[in-house]
Every structure is written in C-alpha cells, then in structure tokens.
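A.B. asks: Contents are mmCIF, C-alpha atoms; file name run37.cif:
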data_run
loop_
_atom_site.label_atom_id
_atom_site.label_comp_id
_atom_site.auth_asym_id
_atom_site.auth_seq_id
_atom_site.Cartn_x
_atom_site.Cartn_y
_atom_site.Cartn_z
CA MET A 2 10.09 17.60 -26.00
CA THR A 3 11.23 19.66 -23.01
CA ASN A 4 7.69 19.77 -21.63
CA PHE A 5 7.43 16.00 -22.00
CA LEU A 6 10.68 15.48 -20.08
CA ASP A 7 9.48 17.91 -17.37
CA ALA A 8 6.27 15.89 -17.01
CA ILE A 9 8.23 12.65 -16.68
CA SER A 10 10.48 14.32 -14.08
CA TYR A 11 7.42 15.40 -12.06
CA ILE A 12 6.03 11.86 -12.11
CA LEU A 13 9.38 10.42 -11.01
CA GLN A 14 9.66 13.03 -8.26
CA SER A 15 6.15 12.16 -7.02
CA GLY A 16 7.14 8.50 -6.99
CA TYR A 17 10.24 9.32 -4.96
CA VAL A 18 8.17 11.29 -2.42
CA LEU A 19 5.76 8.37 -2.08
CA VAL A 20 8.56 5.82 -1.59
CA PHE A 21 10.35 7.99 0.98
CA PHE A 22 7.05 8.50 2.81
CA LEU A 23 6.39 4.74 2.90
CA LEU A 24 9.93 4.11 4.13
CA LEU A 25 9.42 6.60 6.96
CA HIS A 26 6.02 5.05 7.70
CA SER A 27 7.75 1.69 8.13
CA PHE A 28 9.66 3.26 11.03
CA LEU A 29 6.92 5.39 12.61
CA SER A 30 3.15 4.91 12.87
CA LEU A 31 0.87 7.54 11.38
CA ARG A 32 -1.72 9.23 13.54
CA GLN A 33 -5.21 7.76 13.28
CA ASN A 34 -6.89 10.96 12.06
CA SER A 35 -7.78 10.40 8.38
CA LEU A 36 -7.21 14.04 7.41
CA LEU A 37 -3.74 14.05 8.97
CA ARG A 38 -2.89 10.83 7.11
CA ILE A 39 -3.73 12.45 3.78
CA LEU A 40 -1.95 15.69 4.62
CA ALA A 41 1.15 13.76 5.74
CA LEU A 42 1.91 12.66 2.17
CA PHE A 43 1.68 16.17 0.70
CA ALA A 44 3.25 18.04 3.62
CA GLY A 45 6.43 15.98 3.39
CA ALA A 46 7.11 16.75 -0.29
CA PRO A 47 8.84 20.15 0.20
CA ILE A 48 11.15 18.55 2.77
CA PHE A 49 11.95 15.40 0.82
CA VAL A 50 12.71 17.12 -2.52
CA VAL A 51 14.68 20.07 -1.17
CA ILE A 52 17.52 21.11 -3.51
CA VAL A 53 20.86 21.41 -1.72
CA TYR A 54 23.85 23.31 -3.08
CA SER A 55 27.33 23.77 -1.70
CA ASN A 56 27.58 26.36 1.09
CA ASP A 57 23.76 26.40 1.26
CA LEU A 58 22.95 26.91 4.96
CA PRO A 59 19.17 27.62 4.60
CA ASN A 60 18.53 24.43 2.64
CA LEU A 61 20.54 22.46 5.16
CA LEU A 62 18.67 23.82 8.19
CA PHE A 63 15.16 23.92 6.71
CA PRO A 64 14.88 20.17 6.06
CA MET A 65 16.29 19.35 9.50
CA VAL A 66 13.84 21.54 11.43
CA GLY A 67 10.99 20.80 9.04
CA PHE A 68 11.63 17.05 9.25
CA LEU A 69 11.46 17.13 13.04
CA LEU A 70 8.22 19.16 13.04
CA TYR A 71 6.79 16.89 10.33
CA THR A 72 7.31 13.74 12.39
CA ALA A 73 5.97 15.45 15.53
CA VAL A 74 2.72 16.50 13.83
CA PHE A 75 1.86 13.53 11.62
CA PHE A 76 3.30 10.48 13.43
CA ARG A 77 2.60 8.78 16.73
CA GLY A 78 5.09 7.51 19.30
CA ARG A 79 7.61 8.91 21.72
CA PHE A 80 9.72 11.94 20.88
CA ILE A 81 12.92 9.86 21.13
CA GLU A 82 11.67 7.60 18.31
CA LYS A 83 10.81 10.58 16.10
CA LEU A 84 14.20 12.15 16.80
CA THR A 85 15.87 8.87 15.79
CA ALA A 86 13.92 8.85 12.50
CA VAL A 87 15.22 12.34 11.70
CA LEU A 88 18.80 11.48 12.67
CA VAL A 89 18.70 8.30 10.56
CA PHE A 90 17.02 9.58 7.38
CA TYR A 91 18.10 13.23 7.24
CA PRO A 92 21.80 12.60 6.38
CA ALA A 93 20.91 10.10 3.66
CA MET A 94 18.22 12.35 2.20
CA ILE A 95 20.49 15.42 2.13
CA ALA A 96 23.44 13.44 0.75
CA VAL A 97 21.40 11.95 -2.11
CA ASN A 98 19.76 15.29 -2.98
CA TYR A 99 23.12 17.07 -2.93
CA LEU A 100 24.86 14.42 -5.04
CA MET A 101 22.09 14.40 -7.66
CA THR A 102 22.04 18.22 -7.86
CA ASP A 103 25.80 18.66 -7.94
CA ILE A 104 26.52 15.83 -10.38
CA GLY A 105 23.71 17.01 -12.67
CA SER A 106 25.00 20.58 -12.59
CA ARG A 107 28.57 19.52 -13.41
CA LEU A 108 27.40 17.29 -16.25
CA TYR A 109 25.31 20.12 -17.66
CA PHE A 110 28.24 22.55 -17.75
CA TRP A 111 30.53 19.85 -19.15
CA ILE A 112 28.12 18.96 -22.00
CA THR A 113 26.98 22.48 -22.93
CA ASP A 114 30.14 24.37 -22.01
CA ALA A 115 27.73 27.12 -20.77
CA PRO A 116 28.31 29.81 -23.44
CA ASP A 117 27.93 33.43 -22.38
CA GLU A 118 25.71 34.54 -25.30
CA GLY A 119 22.60 32.81 -23.94
CA ARG A 120 20.93 29.43 -23.62
CA THR A 121 19.91 27.51 -26.72
CA ARG A 122 17.04 25.07 -27.21
CA GLU A 123 19.50 22.19 -27.02
CA MET A 124 20.71 23.45 -23.65
CA TYR A 125 17.18 23.53 -22.24
CA LEU A 126 16.64 20.02 -23.57
CA THR A 127 19.90 18.83 -21.99
CA GLU A 128 18.92 20.36 -18.66
CA ALA A 129 15.47 18.71 -18.71
CA LEU A 130 17.01 15.35 -19.66
CA LEU A 131 19.58 15.54 -16.84
CA ILE A 132 16.87 16.47 -14.31
CA MET A 133 14.78 13.51 -15.45
CA ILE A 134 17.74 11.14 -15.13
CA SER A 135 18.51 12.59 -11.70
CA MET A 136 14.92 11.96 -10.56
CA LEU A 137 15.03 8.43 -11.96
CA VAL A 138 18.29 7.62 -10.16
CA ARG A 139 16.89 9.05 -6.91
CA LEU A 140 13.70 6.99 -7.24
CA ILE A 141 15.66 3.78 -7.95
CA PHE A 142 17.95 4.46 -5.00
CA TRP A 143 15.11 4.91 -2.50
CA LEU A 144 13.20 1.94 -3.90
CA ALA A 145 16.30 -0.16 -3.26
CA ALA A 146 16.67 1.39 0.21
CA TRP A 147 13.02 0.62 0.99
CA ALA A 148 13.41 -2.99 -0.14
CA LEU A 149 16.60 -3.36 1.93
CA LEU A 150 15.56 -1.57 5.11
CA GLN A 151 11.88 -2.48 5.38
CA LYS A 152 12.49 -5.80 7.12
CA TYR A 153 14.91 -4.19 9.57
CA LEU A 154 12.50 -1.36 10.35
CA LYS A 155 9.73 -3.86 11.09
CA ARG A 156 12.00 -5.91 13.33
CA ILE A 157 12.73 -2.88 15.48
CA ALA A 158 9.02 -2.74 16.35
CA GLN A 159 9.62 0.26 18.63
CA ASN A 160 10.40 -1.95 21.62
CA LEU A 161 13.73 -0.39 22.55
CA THR A 162 14.13 1.31 25.88
CA PHE A 163 14.82 5.03 26.21
CA ARG A 164 18.52 4.42 26.85
CA MET A 165 18.85 2.15 23.82
CA TRP A 166 17.33 4.82 21.59
CA LEU A 167 19.81 7.31 23.05
CA ILE A 168 22.70 5.02 22.10
CA VAL A 169 21.48 4.89 18.48
CA ASP A 170 20.92 8.67 18.44
CA VAL A 171 24.42 9.42 19.73
CA LEU A 172 25.93 7.24 17.02
CA MET A 173 23.77 8.95 14.38
CA LEU A 174 25.25 12.31 15.32
CA ALA A 175 28.38 11.33 13.36
CA PRO A 176 26.82 11.13 9.85
CA ILE A 177 24.51 14.10 10.45
CA THR A 178 27.44 16.27 11.58
CA ALA A 179 29.62 15.05 8.73
CA ILE A 180 27.08 15.72 5.98
CA PHE A 181 26.20 19.13 7.40
CA THR A 182 29.76 20.41 7.79
CA ILE A 183 31.24 18.91 4.63
CA ILE A 184 28.60 20.45 2.34
CA TYR A 185 28.70 23.82 4.05
CA PHE A 186 32.43 24.28 4.67
CA LEU A 187 34.07 22.41 1.75
CA PRO A 188 31.98 23.30 -1.31
CA ASP A 189 34.67 22.86 -3.96
CA GLU A 190 36.51 19.75 -2.78
CA ILE A 191 34.71 17.09 -4.81
CA MET A 192 37.12 14.33 -3.88
CA VAL A 193 36.32 14.97 -0.22
CA VAL A 194 32.61 15.82 -0.36
CA TYR A 195 31.43 12.90 -2.49
CA PRO A 196 33.06 10.10 -0.44
CA ILE A 197 31.78 11.61 2.81
CA CYS A 198 28.27 11.86 1.33
CA ILE A 199 28.40 8.17 0.42
CA VAL A 200 29.78 7.21 3.85
CA SER A 201 27.03 9.27 5.51
CA ILE A 202 24.39 7.34 3.57
CA ILE A 203 25.95 4.02 4.59
CA SER A 204 26.22 5.18 8.22
CA SER A 205 22.58 6.29 8.25
CA PHE A 206 21.39 2.93 6.99
CA GLY A 207 23.80 1.26 9.40
CA GLY A 208 21.90 3.00 12.21
CA VAL A 209 18.77 1.13 11.15
CA GLY A 210 20.70 -2.14 11.20
CA LEU A 211 22.10 -1.29 14.63
CA ALA A 212 18.65 -0.57 16.05
CA ALA A 213 17.35 -3.82 14.53
CA TYR A 214 20.28 -5.75 16.02
CA ILE A 215 19.66 -4.27 19.49
CA SER A 216 15.96 -5.08 19.14
CA ASP A 217 16.70 -8.68 18.10
CA SER A 218 19.16 -9.09 20.97
CA LEU A 219 16.58 -7.73 23.38
CA ARG A 220 13.93 -10.12 22.12
CA THR A 221 16.33 -13.07 22.26
CA GLU A 222 17.30 -12.23 25.83
CA TYR A 223 13.70 -11.60 26.74
CA GLY A 224 12.64 -14.89 25.17
CA ALA A 225 15.22 -16.73 27.29
CA ARG A 226 13.99 -14.95 30.41
CA GLU A 227 10.41 -15.71 29.48
CA LEU A 228 11.22 -19.41 29.08
CA GLU A 229 13.11 -19.41 32.37
CA ALA A 230 10.21 -17.65 34.10
CA LYS A 231 7.71 -20.14 32.71
CA LEU A 232 9.83 -23.11 33.80
CA SER A 233 10.15 -21.62 37.28
CA TYR A 234 6.44 -20.89 37.33
CA TYR A 235 5.39 -24.40 36.39
CA LYS A 236 7.92 -25.92 38.75
CA ASP A 237 6.61 -23.81 41.63
CA LYS A 238 3.05 -24.51 40.61
CA THR A 239 3.61 -28.27 40.52
CA GLU A 240 5.24 -28.19 43.95
CA GLU A 241 2.47 -26.01 45.37
CA GLU A 242 -0.27 -28.21 43.93
CA GLU A 243 1.42 -31.29 45.38
CA ARG A 244 1.66 -29.60 48.75
CA VAL A 245 -1.99 -28.55 48.64
CA ARG A 246 -3.07 -32.07 47.67
CA ARG A 247 -1.19 -33.43 50.69
CA ALA A 248 -2.81 -30.76 52.87
CA TYR A 249 -6.27 -31.70 51.68
CA HIS A 250 -5.43 -35.38 52.12
CA ASP A 251 -4.65 -34.72 55.75
CA MET A 252 -7.58 -32.36 56.24
CA LYS A 253 -9.78 -35.04 57.73
CA ASN A 254 -7.21 -35.94 60.35
CA HIS A 255 -6.66 -32.27 61.14
CA LEU A 256 -10.38 -31.78 61.67
CA LEU A 257 -10.48 -34.74 64.04
CA ILE A 258 -7.70 -33.14 66.06
CA LEU A 259 -9.59 -29.86 66.11
CA GLN A 260 -12.65 -31.62 67.46
CA ALA A 261 -10.61 -33.26 70.18
CA GLN A 262 -9.19 -29.89 71.16
CA ALA A 263 -12.48 -28.02 71.07
CA GLU A 264 -12.06 -26.80 74.63
CA ASP A 265 -8.70 -25.13 73.90
CA SER A 266 -9.43 -22.16 71.66
CA GLN A 267 -5.76 -21.16 71.35
CA GLU A 268 -4.81 -24.58 70.03
CA ILE A 269 -7.70 -24.42 67.57
CA ARG A 270 -6.59 -20.99 66.39
CA ARG A 271 -3.03 -22.13 65.85
CA SER A 272 -4.21 -25.20 63.94
CA ILE A 273 -6.46 -23.11 61.72
CA GLU A 274 -3.63 -20.66 61.02
CA SER A 275 -1.39 -23.57 60.10
CA LEU A 276 -3.98 -24.84 57.62
CA GLN A 277 -4.33 -21.36 56.11
CA GLU A 278 -0.57 -21.08 55.65
CA GLU A 279 -0.56 -24.46 53.91
CA ILE A 280 -2.94 -23.35 51.16
CA GLU A 281 -2.13 -19.63 51.07
CA GLY A 282 0.68 -19.97 48.55
CA TYR A 283 -1.58 -21.75 46.08
CA GLU A 284 -3.92 -18.76 46.01
CA ALA A 285 -1.23 -16.69 44.28
CA TYR A 286 -1.88 -18.62 41.07
CA CYS A 287 -4.49 -17.41 38.64
CA HIS A 288 -5.49 -18.63 35.20
CA THR A 289 -5.85 -15.69 32.83
CA GLY A 290 -5.96 -17.66 29.58
CA ASN A 291 -2.43 -16.55 28.69
CA ASP A 292 0.52 -18.53 30.07
CA PHE A 293 2.92 -15.60 30.11
CA LEU A 294 0.41 -13.30 31.79
CA ASP A 295 -0.08 -16.00 34.46
CA VAL A 296 3.59 -15.58 35.35
CA VAL A 297 3.36 -11.78 35.51
CA ILE A 298 0.22 -11.76 37.64
CA ARG A 299 1.62 -14.47 39.96
CA ASP A 300 4.65 -12.31 40.73
CA LYS A 301 2.56 -9.16 41.25
CA ILE A 302 0.11 -10.96 43.56
CA ARG A 303 3.02 -12.14 45.71
CA ALA A 304 4.54 -8.64 45.73
CA ALA A 305 1.20 -7.10 46.73
CA ARG A 306 0.45 -9.58 49.50
CA SER A 307 3.92 -9.23 50.95
CA ARG A 308 3.00 -5.57 51.47
CA ASN A 309 -0.44 -6.38 52.93
CA ILE A 310 -2.24 -5.15 49.82
CA ASP A 311 -5.58 -6.73 48.91
CA PHE A 312 -5.24 -7.88 45.30
CA GLN A 313 -8.33 -8.74 43.28
CA GLU A 314 -8.17 -9.94 39.68
CA MET A 315 -10.81 -10.67 37.11
CA ILE A 316 -8.73 -11.39 34.01
CA ARG A 317 -9.90 -13.24 30.91
CA PHE A 318 -7.04 -12.80 28.47
CA GLY A 319 -7.50 -15.78 26.18
CA ASP A 320 -8.10 -13.47 23.21
CA GLY A 321 -4.92 -11.50 23.89
CA GLY A 322 -2.60 -14.01 22.24
CA PHE A 323 -1.94 -11.61 19.33
CA MET A 324 0.15 -9.43 21.68
CA GLU A 325 3.88 -9.94 22.14
CA PRO A 326 4.96 -11.12 25.63
CA LEU A 327 7.15 -8.04 25.96
CA ASP A 328 4.13 -5.78 25.42
CA ILE A 329 2.00 -7.78 27.85
CA SER A 330 4.73 -7.41 30.46
CA THR A 331 5.07 -3.68 29.71
CA ILE A 332 1.36 -2.98 30.16
CA PHE A 333 0.54 -5.18 33.16
CA GLY A 334 3.97 -4.95 34.81
CA ASN A 335 4.23 -1.15 34.76
CA ALA A 336 0.58 -0.60 35.68
CA LEU A 337 0.75 -2.98 38.66
CA ASP A 338 4.14 -1.71 39.84
CA ASN A 339 2.70 1.81 39.94
CA ALA A 340 -0.43 0.58 41.75
CA ILE A 341 1.62 -1.31 44.34
CA GLU A 342 3.86 1.70 44.93
CA ALA A 343 0.81 3.98 45.41
CA SER A 344 -0.93 1.47 47.70
CA GLU A 345 2.06 1.26 50.03
CA LYS A 346 1.45 4.92 50.93
CA MET A 347 -2.09 4.10 52.16
CA ALA A 348 -3.23 2.77 55.51
CA GLU A 349 -3.34 -1.05 55.41
CA SER A 350 -7.14 -1.08 55.61
CA MET A 351 -7.28 1.00 52.38
CA ARG A 352 -4.74 -0.96 50.34
CA LEU A 353 -6.65 -2.40 47.42
CA ILE A 354 -5.73 -3.15 43.81
CA THR A 355 -8.29 -4.38 41.29
CA VAL A 356 -7.24 -5.70 37.87
CA LYS A 357 -9.76 -6.44 35.16
CA ALA A 358 -9.16 -7.58 31.60
CA ALA A 359 -11.58 -9.05 29.11
CA ARG A 360 -12.74 -8.92 25.54
CA ILE A 361 -15.59 -6.51 24.95
CA HIS A 362 -16.88 -6.88 21.39
CA ASP A 363 -13.75 -6.43 19.21
CA MET A 364 -11.67 -4.70 21.86
CA MET A 365 -9.39 -6.00 24.59
CA VAL A 366 -10.03 -3.80 27.62
CA ILE A 367 -7.59 -3.68 30.55
CA ALA A 368 -8.29 -1.70 33.73
CA VAL A 369 -6.07 -1.36 36.80
CA GLU A 370 -7.52 0.51 39.78
CA ASN A 371 -5.99 1.37 43.14
CA ASN A 372 -6.90 3.57 46.10
CA MET A 373 -5.03 6.82 46.61
CA GLN A 374 -5.11 9.70 49.05
CA PRO A 375 -7.63 12.32 47.84
CA ASP A 376 -5.07 15.10 48.17
CA THR A 377 -2.25 13.18 46.45
CA PRO A 378 -0.84 15.25 43.53
CA VAL A 379 -0.89 13.46 40.18
CA TYR A 380 2.57 13.80 38.65
CA GLU A 381 2.91 14.03 34.92
CA ARG A 382 5.80 11.57 34.89
CA THR A 383 7.02 10.48 38.30
CA SER A 384 7.11 11.47 41.95
CA LYS A 385 10.65 10.16 42.35
CA LYS A 386 13.59 12.52 42.60
CA ASP A 387 15.55 10.57 39.99
CA THR A 388 13.51 11.59 36.94
CA LEU A 389 16.16 10.24 34.54
CA MET A 390 15.71 6.66 35.74
CA HIS A 391 11.96 6.80 36.44
CA GLY A 392 8.75 8.14 35.02
CA PHE A 393 8.51 6.26 31.72
CA GLY A 394 6.03 3.61 32.95
CA ILE A 395 2.82 5.14 31.60
CA ALA A 396 4.63 6.39 28.48
CA ASN A 397 5.83 2.83 27.79
CA ILE A 398 2.29 1.51 28.35
CA GLN A 399 1.01 4.09 25.86
CA SER A 400 3.65 3.09 23.30
CA ALA A 401 2.86 -0.62 23.73
CA ALA A 402 -0.87 0.05 23.24
CA GLU A 403 -0.26 2.25 20.18
CA ARG A 404 1.67 -0.55 18.49
CA TYR A 405 -1.67 -2.37 18.15
CA GLY A 406 -3.71 0.74 17.35
CA GLY A 407 -4.89 1.11 20.95
CA GLN A 408 -4.67 3.81 23.56
CA CYS A 409 -4.04 4.29 27.27
CA THR A 410 -5.96 6.71 29.51
CA THR A 411 -5.68 7.57 33.20
CA LYS A 412 -8.18 9.08 35.62
CA ALA A 413 -7.70 10.22 39.19
CA GLY A 414 -10.49 11.29 41.53
CA ASP A 415 -12.60 10.36 44.55
CA GLY A 416 -9.64 8.64 46.15
CA LYS A 417 -9.07 6.27 43.23
CA PHE A 418 -6.61 6.08 40.35
CA VAL A 419 -7.71 4.16 37.25
CA LEU A 420 -5.51 3.22 34.30
CA LYS A 421 -7.39 1.89 31.28
CA VAL A 422 -5.97 0.38 28.11
CA VAL A 423 -8.15 -0.36 25.08
CA ILE A 424 -6.65 -2.37 22.20
CA PRO A 425 -8.53 -3.51 19.06
CA ILE A 426 -8.37 -7.27 18.48
CA PRO A 427 -7.19 -8.13 14.95
#
In structure tokens, how does this file's structure come out?
C.D. replies:
Amino acid sequence: MTNFLDAISYILQSGYVLVFFLLLHSFLSLRQNSLLRILALFAGAPIFVVIVYSNDLPNLLFPMVGFLLYTAVFFRGRFIEKLTAVLVFYPAMIAVNYLMTDIGSRLYFWITDAPDEGRTREMYLTEALLIMISMLVRLIFWLAAWALLQKYLKRIAQNLTFRMWLIVDVLMLAPITAIFTIIYFLPDEIMVVYPICIVSIISSFGGVGLAAYISDSLRTEYGARELEAKLSYYKDKTEEEERVRRAYHDMKNHLLILQAQAEDSQEIRRSIESLQEEIEGYEAYCHTGNDFLDVVIRDKIRAARSRNIDFQEMIRFGDGGFMEPLDISTIFGNALDNAIEASEKMAESMRLITVKAARIHDMMVIAVENNMQPDTPVYERTSKKDTLMHGFGIANIQSAAERYGGQCTTKAGDGKFVLKVVIPIP
C-alpha cells in the first residue's frame, strides 16, 4: 500500500511540475531550440519541488539562484522580464512548498505521536498518505493559480517599458523579503509564519495583476494616441490633397506665365520653386498597406527631410496586419530614429536612409539601411552619455520581433549600417 501511495505522489508531483512550467511559460517565451525546450521541463523540477524547512538557508537560496539561471538559459526575452518572473513566482512557490511540508510534518507527529522505540508500518503508511495529500493540494492550488493568472499573463504581452518593469520589481521585493526572512528567522512562530506565507502568495499574484493593469492602461492610452494620430493624419492628408488639386488646377495658368517670362530666368526659377513647394508636402505621404504604419512613416519622412536627409521607402506591409500597432511603432520608430540620428552626423551629400518591407514567402522582412562613417564605432547599446535613459532601441526591436517568433539582426560595414527584422507570418 505504501508503494502505491508513493507512486500516486510521484504522479501528482509530476503534474505539479508540468502545471508550474506551463504557468511560467505563459509569462516568458521558450527558446526556439527543440532540445532546450525538452530540457526546460526536466531541468525545472528540482527547483519547483524543493523541500523547505524552517531555518533552512540552503533551500531558500538554491531555488532563488537556480530559478534565475533557469529562466536565463531556457527562456527568451530581456533580463528585466526574467527577473520579474523570479520575483513574482519565487515567493509563492516557496510559501506553498513550506506550508505543505510544515503542515504535513505537524500532522504526522500529531497522528503518530512519534514514539521513540521506532517507526511502525502504520507510521510509514501515514507518512505516505500525508505526502500524497500534500502533493494533491499543491497540484490543485497551482491548477487554480494557472486558471486565474493565465489571462492576466497573456494580457501583459511583454510590452511594458524598462521603467514599468522596474516598478513591478520594486514592489515584488516586499513578498520575497518577507517570505525569506520569516521562514529563516522565525521558525517556531506558526501564528506569524503561516499568515505571512499566505500574504506573500497573494502579493505575488497581485504583482501579476499589477503588471496586467499597467499593460492595459498603456494599451488604452496608446490606442487613444493612435486614434488621435490617425485623425490628424487623415485631416492633414485631406488638406494636402485639396491643396495639391488646386495647384494642379492652376498649373496651366502658371505655365502660361512661365512662357511669358521666358526671358527672365530668375522669375522662372522663383516660379518653379513656388510650384515645388506647393506639392512638396504631399510627397511625405506613402501608402504602405497598413494605416498605422502610414502615420509612422509620414512623421519619419518629415523628420528626415527637415534634416536634409534623403529618405527612400519601398514598403509593402499589407500582410503585416497581424502585428499590434505598438509593435509596429517599436520596430519602425526605433529603427528610423536611430537611422536619422546617425545620418545627421554625415555630410549632407551622404545622408541617405532606405526602408524596405515586404512579404517574402511566409516571412515579413523589414530592412532599414543608412550611411555611416567607416570609422564610426558601433556601440553595444548607445553612444549617448545618459545610458539610463537611452540605448534600449534595438533591444526593444528585438523583443517586439521575438513576440511573433522573429528575430532582429544588425550589420555594420563598408560605410553602411543595416538593421534587418524577419518575422514569420501566421
């Protein structure tokens, strides 16, 4: 009977490891390597099932360090996101494991009275039964947590900024500090330890809700800005098109005037420049196949031309509708801001930015190219002195691409800098 209960306990423990792994996977994306994906499930088991006793420093530190290394090796994304996953799930995991171990131990000694003359068969059976019940309760708890938190984890969608992640992480220091210190320094005060363990679990899950709330607020604000930008874009476009139509309507009369003034080259030059100014603004509009991207490119074209930068675009983004506007803005906005900044350092005759985007087979390929000085050092993050506020552009592009299973690469050489993003089309 004891062996049967041990087998059931092992099955329940395996189920708990799988559920905890899936819950973590809802927060972070696994690496694409198939071998690492398989190893990820087995490598996490020693961390997830660690037994924690009172005043047990090794088993408090091991899961924390191991959890951080585990997310770094097997999951994609920025370090700040992996750190948040550890800070969110570690306190809850330790609290549940400690509660199940401690409650089971106390029940065992209460039922068996732990005689000194040795353990009987009934005592072994009681121990196996309590372990099985403990594993069952743990599995039910994490199944409920997965059902509750999954929708919030998906809503986060990893679109928070670095500072927003820091806010969540700072708040998560409270439950992680509480669970660590209370188990280690107050081993015998049940009436203190148990409530703090429960509060730590609630606080950890509250961190997920907080991150989801910040993400929702960001998307709501961004949606309002997107709508405002589109309205402004179409208003400007309508006014520009009306102005261009009037210019073309008067073109015949302007040409007659030019013919009458053929002997005065300066007057002709001024008239031609006036005509060019009339239609120049309309050239800032491009049709990419994506309304939101039209707005982004329109603004970048204007920014480039105001700095005397030649801007060439060949964008066919009609198949990119599966991407969120925020991710489109992150990829194109950051890439073009970097290209404009680099181009400003060049002589005006060398200022050139080329943007290409199109579907190639089942992939959406985006390439942004700009000229650069051959001896310009390529900084890992940023050339600005304020590294806290800058330098996350390419990292954000990489994160946006990885959300769709894509990747971002950069190449510098022969006086050119090329940023390329490849994203599979669902």
A.B. asks: For atom CA of A:Pro425 and atom CA of A:Phe293, quote the distance in Å rounded to one decimal.
C.D. replies: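 Result for atom CA of A:Pro425 versus atom CA of A:Phe293: 20.0 Å, one decimal.
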A.B. asks: When the PyMOL selection byres ((chain A and resi 96) around 8) is applied to the file above, which residues end up in the set, as a PyMOL selection string?
C.D. replies: chain A and resi 92-95+97-100+180+198-199+201-202
A.B. asks: Report, in Å with one decimal, the straight-line distance from atom CA of A:Ile203 to atom CA of A:Met133.
C.D. replies: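 Distance reported for this atom pair: 24.8 Å.
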A.B. asks: Quick one: everything within 10 Å of stretch 336-351 of chain A, counting only C-alpha atoms, minus sequence neighbours fewer than 2 positions away in the same chain. Send it as a ChimeraX atom specification.
C.D. replies: /A:297-298,301-302,304-306,308-312,330-334,353-356,368-374,377,383,394-395,398,418-421
A.B. asks: Can you spell out as a PyMOL selection string the set of residues that the PyMOL selection byres ((chain A and resi 143) around 12) selects in the structure I just provided?
C.D. replies: chain A and resi 13-14+16-25+49+90+93-94+97-98+136-142+144-151+202+206
A.B. asks: Anything within 12 Å of (23.1, 7.1, 19.8): list those residues as JSON, numbers by chain, counting all atoms listed in the file and sticking to the file's coordinates.
C.D. replies: {"A": [81, 82, 84, 85, 86, 88, 89, 163, 164, 165, 166, 167, 168, 169, 170, 171, 172, 173, 174, 175, 176, 177, 205, 207, 208, 209, 211, 212, 215]}
A.B. asks: Could you check how far atom CA of A:Phe5 sits from atom CA of A:Leu126, in Å to one decimal?
C.D. replies: 10.2 Å
A.B. asks: Hey, what comes out of the PyMOL selection byres ((chain A and resi 367) around 7) on this file? Could you write it as an MDAnalysis selection string?
C.D. replies: chainID A and resid 357:359 365:366 368:369 421:423
